[in-house]
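Participant: Handing over work32.txt, compact mmCIF, C-alpha atoms.
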# COMPACT_ATOMS: atom_id res chain seq x y z
CA MET A 2 -145.39 80.43 -83.43
CA LYS A 3 -141.63 80.79 -82.98
CA ASN A 4 -141.08 77.20 -84.23
CA ASN A 5 -143.24 77.80 -87.28
CA LEU A 6 -141.26 80.91 -88.17
CA LEU A 7 -137.98 78.97 -87.84
CA LEU A 8 -139.29 76.21 -90.13
CA ILE A 9 -140.42 78.77 -92.69
CA ALA A 10 -137.01 80.45 -92.55
CA ILE A 11 -135.21 77.12 -93.06
CA CYS A 12 -137.41 76.20 -96.03
CA PHE A 13 -136.98 79.65 -97.60
CA SER A 14 -133.21 79.41 -97.12
CA SER A 15 -133.13 75.95 -98.71
CA ILE A 16 -135.01 77.19 -101.74
CA LEU A 17 -132.47 79.97 -102.25
CA LYS A 18 -129.32 77.91 -101.57
CA SER A 19 -130.46 74.37 -102.49
CA GLN A 20 -128.70 73.21 -99.28
CA ILE A 21 -129.82 73.15 -95.67
CA GLY A 22 -127.41 73.74 -92.82
CA PHE A 23 -127.97 73.14 -89.14
CA GLY A 24 -125.33 74.68 -86.94
CA THR A 25 -123.64 76.31 -89.95
CA ALA A 26 -124.50 79.28 -92.08
CA SER A 27 -122.57 77.88 -95.05
CA PRO A 28 -123.50 74.24 -95.69
CA ASN A 29 -121.31 72.25 -98.05
CA SER A 30 -122.25 72.93 -101.66
CA ASN A 31 -122.24 69.20 -102.44
CA SER A 32 -124.64 68.33 -99.63
CA ALA A 33 -128.40 68.65 -99.48
CA LEU A 34 -128.17 68.78 -95.68
CA GLU A 35 -125.23 69.48 -93.39
CA LEU A 36 -125.26 69.18 -89.61
CA SER A 37 -122.50 70.93 -87.72
CA SER A 38 -121.79 70.60 -83.99
CA THR A 39 -118.86 70.12 -81.68
CA SER A 40 -120.88 68.56 -78.87
CA LYS A 41 -123.88 66.81 -80.42
CA GLY A 42 -124.53 64.01 -82.89
CA LEU A 43 -127.16 62.82 -85.35
CA LEU A 44 -129.87 60.66 -83.82
CA LEU A 45 -131.40 58.31 -86.40
CA PRO A 46 -134.94 56.92 -86.15
CA ARG A 47 -135.01 54.00 -83.69
CA ILE A 48 -137.44 51.31 -84.80
CA GLN A 49 -138.00 47.60 -84.32
CA LEU A 50 -137.45 45.43 -87.39
CA SER A 51 -138.90 41.93 -87.46
CA ASN A 52 -136.98 40.35 -90.34
CA THR A 53 -134.47 41.49 -92.95
CA THR A 54 -136.87 40.49 -95.75
CA LEU A 55 -139.85 42.41 -94.31
CA SER A 56 -140.19 46.18 -94.56
CA THR A 57 -142.14 46.30 -91.26
CA PRO A 58 -142.65 48.73 -89.59
CA LEU A 59 -142.24 50.62 -92.87
CA ALA A 60 -145.05 50.18 -95.36
CA ASN A 61 -142.61 49.32 -98.15
CA HIS A 62 -138.91 48.77 -98.77
CA GLU A 63 -137.23 52.09 -99.59
CA LYS A 64 -133.76 51.96 -101.13
CA GLY A 65 -131.33 54.06 -99.11
CA MET A 66 -133.42 54.17 -95.94
CA ILE A 67 -131.23 54.05 -92.82
CA VAL A 68 -132.54 53.21 -89.35
CA TYR A 69 -131.29 52.03 -85.99
CA ASN A 70 -132.92 48.71 -85.13
CA LEU A 71 -133.69 47.97 -81.48
CA ALA A 72 -135.06 44.43 -81.92
CA ALA A 73 -133.17 41.16 -81.67
CA ILE A 74 -135.44 38.65 -83.35
CA ASN A 75 -135.30 36.17 -86.23
CA ASP A 76 -132.31 37.28 -88.34
CA VAL A 77 -131.96 40.88 -87.08
CA VAL A 78 -129.89 42.20 -84.17
CA GLU A 79 -129.56 45.64 -82.64
CA GLY A 80 -127.63 48.05 -84.82
CA LEU A 81 -127.63 50.16 -87.97
CA TYR A 82 -129.48 48.86 -91.03
CA ILE A 83 -129.82 50.19 -94.57
CA ASN A 84 -132.53 49.17 -97.01
CA ASP A 85 -131.42 48.09 -100.51
CA GLY A 86 -134.92 48.23 -101.97
CA THR A 87 -135.77 44.58 -101.33
CA LYS A 88 -134.42 43.86 -97.81
CA TRP A 89 -132.53 45.29 -94.84
CA GLN A 90 -128.73 45.06 -94.79
CA ARG A 91 -126.86 45.43 -91.52
CA LEU A 92 -124.15 48.10 -91.45
CA TYR A 93 -121.05 47.21 -89.45
CA THR A 94 -117.27 47.47 -89.64
CA ASN A 95 -114.84 44.59 -89.30
CA GLN A 96 -111.81 46.47 -88.07
CA PRO A 97 -109.05 44.04 -87.02
CA ASN A 98 -107.34 44.26 -83.64
CA ILE A 99 -103.60 44.42 -83.08
CA GLY A 100 -102.36 40.82 -82.92
CA ASP A 101 -105.14 39.27 -85.02
CA VAL A 102 -103.84 36.43 -87.21
CA TYR A 103 -105.41 34.94 -90.32
CA TYR A 104 -104.52 32.64 -93.20
CA SER A 105 -104.60 33.87 -96.79
CA PHE A 106 -103.49 32.97 -100.29
CA ALA A 107 -102.03 36.49 -100.53
CA THR A 108 -98.24 36.61 -100.79
CA THR A 109 -97.40 40.19 -99.70
CA ASP A 110 -98.18 42.60 -96.85
CA SER A 111 -101.34 44.68 -97.20
CA LYS A 112 -103.11 47.39 -95.17
CA GLY A 113 -101.36 46.74 -91.87
CA TRP A 114 -101.26 42.93 -92.27
CA TYR A 115 -97.75 41.47 -92.27
CA LYS A 116 -96.69 38.05 -93.46
CA LEU A 117 -95.25 35.87 -90.69
CA ASP A 118 -92.02 34.95 -92.44
CA GLY A 119 -89.36 35.53 -89.76
CA ARG A 120 -88.12 38.90 -91.07
CA ALA A 121 -86.52 41.48 -88.77
CA LEU A 122 -88.88 44.03 -87.21
CA THR A 123 -86.61 46.83 -88.40
CA SER A 124 -88.01 46.24 -91.89
CA LEU A 125 -91.50 47.28 -90.71
CA PRO A 126 -92.91 50.80 -90.21
CA ALA A 127 -92.27 52.37 -86.81
CA GLY A 128 -95.92 52.07 -85.79
CA ALA A 129 -96.00 48.37 -86.63
CA GLN A 130 -92.78 47.82 -84.66
CA ALA A 131 -94.29 49.52 -81.61
CA ASN A 132 -97.43 47.38 -81.84
CA ALA A 133 -95.32 44.23 -82.22
CA ALA A 134 -93.51 45.09 -78.98
CA LYS A 135 -96.88 45.19 -77.20
CA LEU A 136 -97.27 41.54 -78.22
CA ALA A 137 -93.78 40.64 -76.88
CA ILE A 138 -92.39 40.42 -80.41
CA PHE A 139 -89.13 42.35 -80.15
CA SER A 140 -86.59 41.35 -82.79
CA ALA A 141 -88.24 39.42 -85.62
CA LEU A 142 -91.65 38.24 -86.73
CA PRO A 143 -92.41 34.59 -85.98
CA ASN A 144 -91.81 32.30 -88.95
CA THR A 145 -94.84 30.10 -89.63
CA THR A 146 -93.30 28.32 -92.63
CA ASP A 147 -94.36 24.64 -92.43
CA ARG A 148 -95.97 25.27 -89.02
CA TYR A 149 -99.53 25.23 -87.72
CA LEU A 150 -100.98 27.70 -85.24
CA LYS A 151 -102.22 26.07 -82.03
CA GLN A 152 -104.11 27.23 -78.97
CA LYS A 153 -101.77 28.38 -76.19
CA GLY A 154 -101.56 25.80 -73.42
CA ALA A 155 -98.77 25.12 -70.98
CA SER A 156 -96.19 26.30 -73.49
CA ALA A 157 -95.09 29.93 -73.59
CA MET A 158 -96.62 32.38 -76.06
CA LEU A 159 -94.82 32.35 -79.44
CA SER A 160 -92.88 29.20 -78.51
CA LEU A 161 -92.14 26.72 -81.28
CA GLY A 162 -92.80 23.00 -81.00
CA GLY A 163 -93.88 19.84 -82.77
CA ALA A 164 -92.43 17.82 -85.63
CA GLN A 165 -93.64 16.38 -88.92
CA THR A 166 -92.39 12.86 -88.19
CA VAL A 167 -91.89 10.60 -85.19
CA THR A 168 -89.56 7.63 -84.73
CA LEU A 169 -90.57 4.94 -82.27
CA SER A 170 -87.97 3.78 -79.75
CA GLN A 171 -88.06 0.83 -77.37
CA LEU A 172 -89.56 3.09 -74.71
CA ASN A 173 -92.55 3.76 -76.98
CA LEU A 174 -93.41 0.06 -77.34
CA PRO A 175 -96.08 -1.55 -75.13
CA ASN A 176 -94.87 -3.08 -71.88
CA ILE A 177 -95.52 -6.67 -72.99
CA THR A 178 -93.23 -9.71 -72.69
CA TYR A 179 -93.51 -12.28 -75.48
CA THR A 180 -92.36 -15.80 -74.57
CA GLY A 181 -92.22 -19.08 -76.49
CA ASN A 182 -90.36 -22.32 -77.10
CA THR A 183 -89.91 -24.84 -79.84
CA SER A 184 -91.86 -28.08 -79.58
CA THR A 185 -90.20 -30.80 -77.48
CA ASN A 186 -89.60 -34.46 -78.44
CA GLY A 187 -88.94 -35.75 -74.95
CA ASN A 188 -85.69 -37.47 -73.98
CA HIS A 189 -83.87 -37.96 -77.27
CA SER A 190 -80.53 -38.07 -79.00
CA HIS A 191 -79.25 -36.79 -82.32
CA GLN A 192 -77.74 -38.94 -85.05
CA TYR A 193 -74.58 -37.99 -86.86
CA ALA A 194 -72.03 -39.54 -89.23
CA ASP A 195 -68.52 -40.20 -88.02
CA ARG A 196 -65.65 -42.65 -88.58
CA GLY A 197 -66.42 -44.10 -85.22
CA TYR A 198 -64.24 -46.75 -83.54
CA THR A 199 -62.94 -49.72 -85.55
CA THR A 200 -59.88 -51.96 -85.60
CA TRP A 201 -57.12 -50.88 -87.97
CA ASP A 202 -56.02 -53.66 -90.35
CA HIS A 203 -52.60 -52.78 -91.75
CA LYS A 204 -53.01 -55.32 -94.55
CA ILE A 205 -55.98 -53.42 -95.95
CA GLY A 206 -54.41 -50.03 -95.49
CA THR A 207 -56.33 -46.94 -96.65
CA ALA A 208 -58.87 -49.04 -98.48
CA GLN A 209 -60.58 -49.74 -95.21
CA PHE A 210 -61.76 -46.07 -95.09
CA ALA A 211 -64.12 -46.92 -97.94
CA ASN A 212 -66.00 -49.19 -95.59
CA THR A 213 -68.81 -46.92 -94.42
CA ALA A 214 -70.50 -49.53 -92.28
CA SER A 215 -68.63 -48.25 -89.27
CA LEU A 216 -69.27 -44.58 -90.18
CA ALA A 217 -73.08 -44.39 -90.30
CA ASN A 218 -75.79 -44.20 -87.61
CA GLN A 219 -73.59 -42.77 -84.90
CA VAL A 220 -75.59 -41.04 -82.16
CA THR A 221 -74.96 -38.60 -79.36
CA SER A 222 -75.78 -39.46 -75.84
CA ALA A 223 -79.28 -38.54 -74.71
CA ALA A 224 -79.52 -35.07 -73.18
CA GLY A 225 -82.95 -35.28 -71.63
CA ALA A 226 -86.03 -33.34 -72.73
CA HIS A 227 -84.97 -29.95 -74.08
CA THR A 228 -85.86 -27.19 -76.53
CA HIS A 229 -83.90 -25.07 -78.98
CA SER A 230 -83.82 -21.26 -79.15
CA VAL A 231 -85.15 -19.52 -82.25
CA GLN A 232 -84.16 -16.06 -83.55
CA VAL A 233 -86.47 -14.22 -85.96
CA SER A 234 -85.68 -10.88 -87.62
CA SER A 235 -88.44 -8.21 -87.63
CA GLY A 236 -87.35 -6.95 -91.05
CA GLY A 237 -87.64 -3.31 -89.83
CA SER A 238 -85.56 -0.41 -91.15
CA ASN A 239 -86.10 2.30 -88.46
CA THR A 240 -88.16 4.41 -90.91
CA ALA A 241 -89.79 7.47 -89.29
CA ILE A 242 -93.60 7.70 -89.24
CA THR A 243 -95.13 10.77 -90.94
CA ILE A 244 -97.73 12.41 -88.67
CA GLU A 245 -98.53 15.46 -90.85
CA PRO A 246 -102.14 15.31 -92.10
CA LYS A 247 -103.14 16.19 -95.66
CA ASN A 248 -103.17 19.97 -96.05
CA LEU A 249 -103.44 22.96 -98.35
CA ALA A 250 -100.62 25.50 -98.12
CA ALA A 251 -101.42 29.15 -97.27
CA ASN A 252 -99.61 32.14 -95.76
CA ALA A 253 -100.19 33.42 -92.23
CA PHE A 254 -100.47 37.18 -91.58
CA ILE A 255 -100.58 39.24 -88.37
CA TYR A 256 -102.22 42.66 -88.03
CA LEU A 257 -99.82 45.26 -86.61
CA GLY A 258 -101.26 48.42 -88.16
CA PHE A 259 -99.19 51.06 -89.88
If you took the structure in this file and wrote it as structure tokens, what would it be?
Facilitator:
Amino acid sequence: MKNNLLLIAICFSSILKSQIGFGTASPNSNSALELSSTSKGLLLPRIQLSNTTLSTPLANHEKGMIVYNLAAINDVVEGLYINDGTKWQRLYTNQPNIGDVYYSFATTDSKGWYKLDGRALTSLPAGAQANAAKLAIFSALPNTTDRYLKQKGASAMLSLGGAQTVTLSQLNLPNITYTGNTSTNGNHSHQYADRGYTTWDHKIGTAQFANTASLANQVTSAAGAHTHSVQVSSGGSNTAITIEPKNLAANAFIYLGF
């Protein structure tokens, strides 16, 4: 009986004021219902959805309906869902954490995200500076210009490394010995032209130098079977090799708050 009287009183009050207040005698004039408490919260209906496209367990989709789903099946997980009139939409926030980094085509700071461009921390708000210190960033933001982010390994956090090109040195070449020789012709001599040895006839004088019979077909002494060394140029120019893959430029930002 007491509960019935309370319900009647609430309904009568709502008719007079057009607002209902629980825990407050003066509900907000812009609200149809206001709950007020310093130690309690609002407990939404807890149901089990089966699919975002199905209204089940509701008979029909109702735009604006909010529930807490307990099921984890098909394409639904536990959490808050709102119905848009044709399907269920999950309600969740994507609040970044201090130190989160992302790439963007944006060019300026926005909503606690700061461009990693090497600027001094003193140019940032005090709160952002304090959060940067928690990440061991003390004097300036890292500069990611022409750099890629990589997973931390043996190197220290925030350390810089890598290069866009590499030049091979002798140490980088394979440990292979190339050997070879020219073809051999056995025990042989080499022919050459020379004035050779001939008797000087003073009556002929210099004219005898025109006699080439004694100048041709002179040969060296045989030197046994042997080869000759050959030197070939590689034609190289010590040009560095580019190791940077094809890419699309973007800016990197870090979340430090305000």
Participant: Kindly indicate which residue among A:Thr53, A:Lys112, A:Gly236, A:Leu172 lies nearest to Asp76 of chain A, using only C-alpha atoms for the distances.
Facilitator: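 Looking only at the distances to Asp76 of chain A, the closest residue turns out to be A:Thr53.
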Participant: In Å, how far is it from atom CA of Ile242 of chain A to atom CA of Leu174 of chain A?
Facilitator: 14.1 Å
Participant: Which one of A:Leu92, A:Thr146, A:Glu63, A:Thr39 sits closest to Arg120 of chain A if you count only C-alpha atoms?
Facilitator: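 Counting only C-alpha atoms, the residue closest to Arg120 of chain A is A:Thr146.
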Participant: State, in Å with one decimal place, the distance from atom CA of Thr109 of chain A to atom CA of Lys247 of chain A.
Facilitator: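 According to the coordinates, atom CA of Thr109 of chain A and atom CA of Lys247 of chain A are separated by 25.0 Å.
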Participant: Using all atoms listed in the file for the distances, tell me which of A:Asn31, A:His191, A:Leu45, A:Asp118 is nearest to Leu81 of chain A.
Facilitator: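 Under the stated criterion, the closest residue is A:Leu45.
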Participant: Which residues come within 12 Å of Ile99 of chain A, counting all atoms listed in the file, excluding same-chain residues fewer than 6 positions away, as a list of chain:residue names?
Facilitator: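 Surrounding residues, per the criterion: A:Gly113, A:Trp114, A:Tyr115, A:Gly128, A:Ala129, A:Gln130, A:Ala131, A:Asn132, A:Ala133, A:Ala134, A:Lys135, A:Leu136, A:Phe254, A:Ile255, A:Tyr256, A:Leu257, A:Gly258, A:Phe259.
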Participant: Show which residues sit within 10 Å of Val77 of chain A, as number ranges by chain. Count only C-alpha atoms, and ignore same-chain residues fewer than 2 positions away.
Facilitator: A: 49-54, 70-75, 79-80, 82, 89-91
Participant: At what distance in Å, to one decimal, does atom CA of Gly119 of chain A lie from atom CA of Ala141 of chain A?
Facilitator: 5.8 Å
Participant: Find the residue from A:Asn95, A:Glu35, A:Ser184, A:Thr243 that sits nearest to Thr228 of chain A; use all atoms listed in the file when measuring.
Facilitator: A:Ser184
Participant: Go ahead and fit an axis-aligned box to every listed atom of segment 61-70 of chain A plus 6 Å each side, and pass me the centre and edge lengths in Å, one decimal, as AutoDock Vina command-line options.
Facilitator:
--center_x -136.9 --center_y 51.4 --center_z -93.1 --size_x 23.4 --size_y 17.5 --size_z 28.0
Participant: With all atoms listed in the file as the basis for distance, which of A:Gly225, A:Gly154, A:Pro143, A:Gly24 is at the shortest distance from Ser190 of chain A?
Facilitator: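 Distance minimum relative to Ser190 of chain A lands on A:Gly225.
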Participant: Near Thr108 of chain A, counting all atoms listed in the file, which residues have an atom at most 9 Å away, once you skip same-chain residues fewer than 6 positions from it, shown as a list in words?
Facilitator: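 Here the qualifying residues turn out to be Lys116, Ala251 and Asn252 of chain A.
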Participant: I need the residue nearest Ile138 of chain A from this list: A:Gly65, A:Ser160, A:Gln152, A:Asp85. Use only C-alpha atoms for the distance.
Facilitator: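 Closest to Ile138 of chain A of all the choices is A:Ser160.
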Participant: Show which residues sit within 9 Å of Asn239 of chain A, as number ranges by chain. Count only C-alpha atoms, and ignore same-chain residues fewer than 2 positions away.
Facilitator: A: 168-169, 237, 241
Participant: Store the residues picked out above in a file with C-alpha atoms, as a PDB file, in the frame of the given file.
Facilitator:
ATOM      1  CA  THR A 168     -89.560   7.630 -84.730  1.00  0.00           C
ATOM      2  CA  LEU A 169     -90.570   4.940 -82.270  1.00  0.00           C
ATOM      3  CA  GLY A 237     -87.640  -3.310 -89.830  1.00  0.00           C
ATOM      4  CA  ALA A 241     -89.790   7.470 -89.290  1.00  0.00           C
TER       5      ALA A 241
END
